[in-house]
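Before any comments, here is the structure.
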Amino acid sequence: MERFSIIKGDIVKAKTDAIVNAANTSLLGGGGVDGAIHRAAGKELLAECETLGGCKTGEAKITKGYKLKAKFVIHTPGPIWRGGKWDEESLLANCYQNSLQLAEQYDIQTIAFPSISTGVYRFPVGLAAEIAVREIMSYLEVHPKIQNVVMVCFDDDTKLAYQNALEQYQKAHT
């Protein structure tokens, strides 16, 4: 599908209407993608996040992008991997669904996602990629408003996992 692409890069530099932040539930910044987005956006992002009252795992909230190229940041706390027995898969699916619904609600046409929960939250990358690809592709099939979704992978191994997941999805749906 031409509306979905996978790249290796830095999500902070994405030239999309919105970027998704793999946030923690406080929304007040942290490590990894979350910390990088907060540093690049400037202190105004933290000030706005302080007014949001946090965010539950799997849900999503939106802020302005401030100093980022993206006009908006969609914050979604992913699940911490605990062996797969604590509903982690459906919580991760909810991150993608809720982020895409929020994007559509705000007339966002282009959006960039990181690989949610696969860093310090230790979600297995292959499984996370399958969930992300399935949720993004199935959403795009019935929602034409969003023109382009970019999966921005931090390294080659993550990019390969997402490319493999996309190939498997396409084989299963042709």
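Naming works like this for the structure tokens: A, B, ... for the chains as they're shown, residue 1 at the start of each chain, ligands 1 onward in shown order.
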Quick one: which stretch 124-166 of chain A residues come within 8 Å of stretch 98-108 of chain A, and what is the nearest atom pair for each with the distance in Å to one decimal, counting only C-alpha atoms, rows ordered by chain and ascending number, as a Markdown table?
```
| residue | atom | partner | partner_atom | distance |
| --- | --- | --- | --- | --- |
| A:Ile136 | CA | A:Leu100 | CA | 7.9 |
| A:Tyr139 | CA | A:Leu100 | CA | 7.7 |
| A:Lys145 | CA | A:Glu104 | CA | 6.7 |
| A:Ile146 | CA | A:Glu104 | CA | 6.6 |
```
Could you write out that same residue set with N, CA and C atoms as a short mmCIF file (atom, residue, chain, number, x, y, z; two decimals), in the first residue's frame?
```cif
data_model
loop_
_atom_site.label_atom_id
_atom_site.label_comp_id
_atom_site.auth_asym_id
_atom_site.auth_seq_id
_atom_site.Cartn_x
_atom_site.Cartn_y
_atom_site.Cartn_z
N ILE A 136 -2.26 -0.56 11.56
CA ILE A 136 -2.13 0.57 10.63
C ILE A 136 -2.77 0.23 9.29
N TYR A 139 -6.56 -0.04 9.46
CA TYR A 139 -7.15 1.30 9.64
C TYR A 139 -7.17 2.06 8.31
N LYS A 145 -9.00 9.31 4.87
CA LYS A 145 -8.61 10.66 5.24
C LYS A 145 -7.10 10.79 5.51
N ILE A 146 -6.54 9.78 6.16
CA ILE A 146 -5.10 9.79 6.43
C ILE A 146 -4.38 9.37 5.16
#
```
Using only C-alpha atoms, which protein or nucleic acid residues come within 12 Å of A:Leu127? Drop anything in the same chain fewer than 6 positions from it, and give the result as a list of chain:residue names.
A:Trp81, A:Gly83, A:Gly84, A:Glu88, A:Glu89, A:Ser90, A:Leu92, A:Ala93, A:Ser115, A:Ile116, A:Ser117, A:Thr118, A:Val133, A:Arg134, A:Thr158, A:Ala161, A:Tyr162, A:Asn164, A:Ala165, A:Leu166
I'd like the interatomic distance between atom CA of A:Ile11 and atom CA of A:Thr57, to a tenth of an Å.
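A separation of 20.8 Å between them.
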Which residue of A:Thr51, A:Ala18, A:Ala112, A:Ser5 approaches A:Glu167 most closely, using only C-alpha atoms:
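Distance minimum relative to A:Glu167 lands on A:Ser5.
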Grab the atom CA of A:Phe123 to atom CA of A:Gly78 distance for me, in Å with one decimal place.
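Separation between atom CA of A:Phe123 and atom CA of A:Gly78: 9.2 Å.
Excluding A:Gly9 itself and any same-chain residue fewer than 2 positions from it, the protein and nucleic acid residues within 8 Å of it, counting only C-alpha atoms, are Ile7, Ile11, Val152, Cys153, Phe154 and Asp155 of chain A.
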Please identify which residues in stretch 71-163 of chain A DSSP calls strand (DSSP E) from the backbone, and express them as a list in words.
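Written out, the strand (DSSP E) residues of stretch 71-163 of chain A are Phe72, Val73, Ile74, His75, Thr76, Pro77, Thr110, Ile111, Ala112, Phe113, Asn148, Val149, Val150, Met151, Val152 and Cys153 of chain A.
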Could you write those residues out with N, CA, C and O atoms, as an mmCIF file, in the first residue's frame?
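Contents of the output file out-v5.cif:
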```cif
data_model
loop_
_atom_site.group_PDB
_atom_site.id
_atom_site.type_symbol
_atom_site.label_atom_id
_atom_site.label_comp_id
_atom_site.auth_asym_id
_atom_site.auth_seq_id
_atom_site.Cartn_x
_atom_site.Cartn_y
_atom_site.Cartn_z
ATOM 1 N N PHE A 72 1.811 18.564 15.287
ATOM 2 C CA PHE A 72 1.239 17.904 16.458
ATOM 3 C C PHE A 72 2.113 16.763 16.936
ATOM 4 O O PHE A 72 2.842 16.156 16.155
ATOM 5 N N VAL A 73 1.968 16.465 18.235
ATOM 6 C CA VAL A 73 2.538 15.251 18.820
ATOM 7 C C VAL A 73 1.377 14.478 19.430
ATOM 8 O O VAL A 73 0.585 15.032 20.197
ATOM 9 N N ILE A 74 1.266 13.215 19.049
ATOM 10 C CA ILE A 74 0.274 12.323 19.649
ATOM 11 C C ILE A 74 1.033 11.427 20.621
ATOM 12 O O ILE A 74 1.948 10.714 20.223
ATOM 13 N N HIS A 75 0.660 11.515 21.892
ATOM 14 C CA HIS A 75 1.346 10.778 22.952
ATOM 15 C C HIS A 75 0.547 9.524 23.273
ATOM 16 O O HIS A 75 -0.658 9.612 23.534
ATOM 17 N N THR A 76 1.211 8.370 23.252
ATOM 18 C CA THR A 76 0.536 7.121 23.588
ATOM 19 C C THR A 76 1.471 6.239 24.409
ATOM 20 O O THR A 76 2.531 5.843 23.942
ATOM 21 N N PRO A 77 1.113 5.960 25.639
ATOM 22 C CA PRO A 77 1.935 5.068 26.455
ATOM 23 C C PRO A 77 1.720 3.610 26.055
ATOM 24 O O PRO A 77 0.600 3.101 26.097
ATOM 25 N N THR A 110 -0.785 13.227 7.478
ATOM 26 C CA THR A 110 0.455 12.459 7.477
ATOM 27 C C THR A 110 0.930 12.289 8.919
ATOM 28 O O THR A 110 0.904 13.231 9.706
ATOM 29 N N ILE A 111 1.345 11.068 9.250
ATOM 30 C CA ILE A 111 1.719 10.763 10.628
ATOM 31 C C ILE A 111 2.889 9.791 10.645
ATOM 32 O O ILE A 111 2.962 8.885 9.809
ATOM 33 N N ALA A 112 3.795 9.989 11.587
ATOM 34 C CA ALA A 112 4.953 9.111 11.751
ATOM 35 C C ALA A 112 4.876 8.430 13.113
ATOM 36 O O ALA A 112 4.606 9.076 14.131
ATOM 37 N N PHE A 113 5.097 7.122 13.114
ATOM 38 C CA PHE A 113 5.107 6.319 14.336
ATOM 39 C C PHE A 113 6.508 5.810 14.621
ATOM 40 O O PHE A 113 7.221 5.425 13.699
ATOM 41 N N ASN A 148 -0.860 9.354 4.558
ATOM 42 C CA ASN A 148 0.430 8.685 4.625
ATOM 43 C C ASN A 148 0.813 8.397 6.071
ATOM 44 O O ASN A 148 0.763 9.288 6.912
ATOM 45 N N VAL A 149 1.197 7.160 6.325
ATOM 46 C CA VAL A 149 1.721 6.743 7.624
ATOM 47 C C VAL A 149 3.140 6.244 7.398
ATOM 48 O O VAL A 149 3.391 5.429 6.515
ATOM 49 N N VAL A 150 4.065 6.748 8.207
ATOM 50 C CA VAL A 150 5.463 6.354 8.114
ATOM 51 C C VAL A 150 5.865 5.692 9.433
ATOM 52 O O VAL A 150 5.657 6.263 10.501
ATOM 53 N N MET A 151 6.408 4.502 9.338
ATOM 54 C CA MET A 151 6.977 3.843 10.507
ATOM 55 C C MET A 151 8.454 4.196 10.514
ATOM 56 O O MET A 151 9.189 3.826 9.589
ATOM 57 N N VAL A 152 8.875 4.949 11.503
ATOM 58 C CA VAL A 152 10.263 5.393 11.591
ATOM 59 C C VAL A 152 10.995 4.491 12.577
ATOM 60 O O VAL A 152 10.744 4.530 13.782
ATOM 61 N N CYS A 153 11.887 3.670 12.055
ATOM 62 C CA CYS A 153 12.617 2.694 12.863
ATOM 63 C C CYS A 153 13.977 3.250 13.253
ATOM 64 O O CYS A 153 14.664 3.861 12.432
#
```
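The nearest approach to A:Thr63 among the residues A:Gly32, A:Ile19, A:Pro79, A:Gly126, with only C-alpha atoms taken into account, belongs to A:Ile19.
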Counting only C-alpha atoms, the residue among A:Arg39, A:His173, A:Cys55, A:Glu48 that lies closest to A:Met137 is A:His173
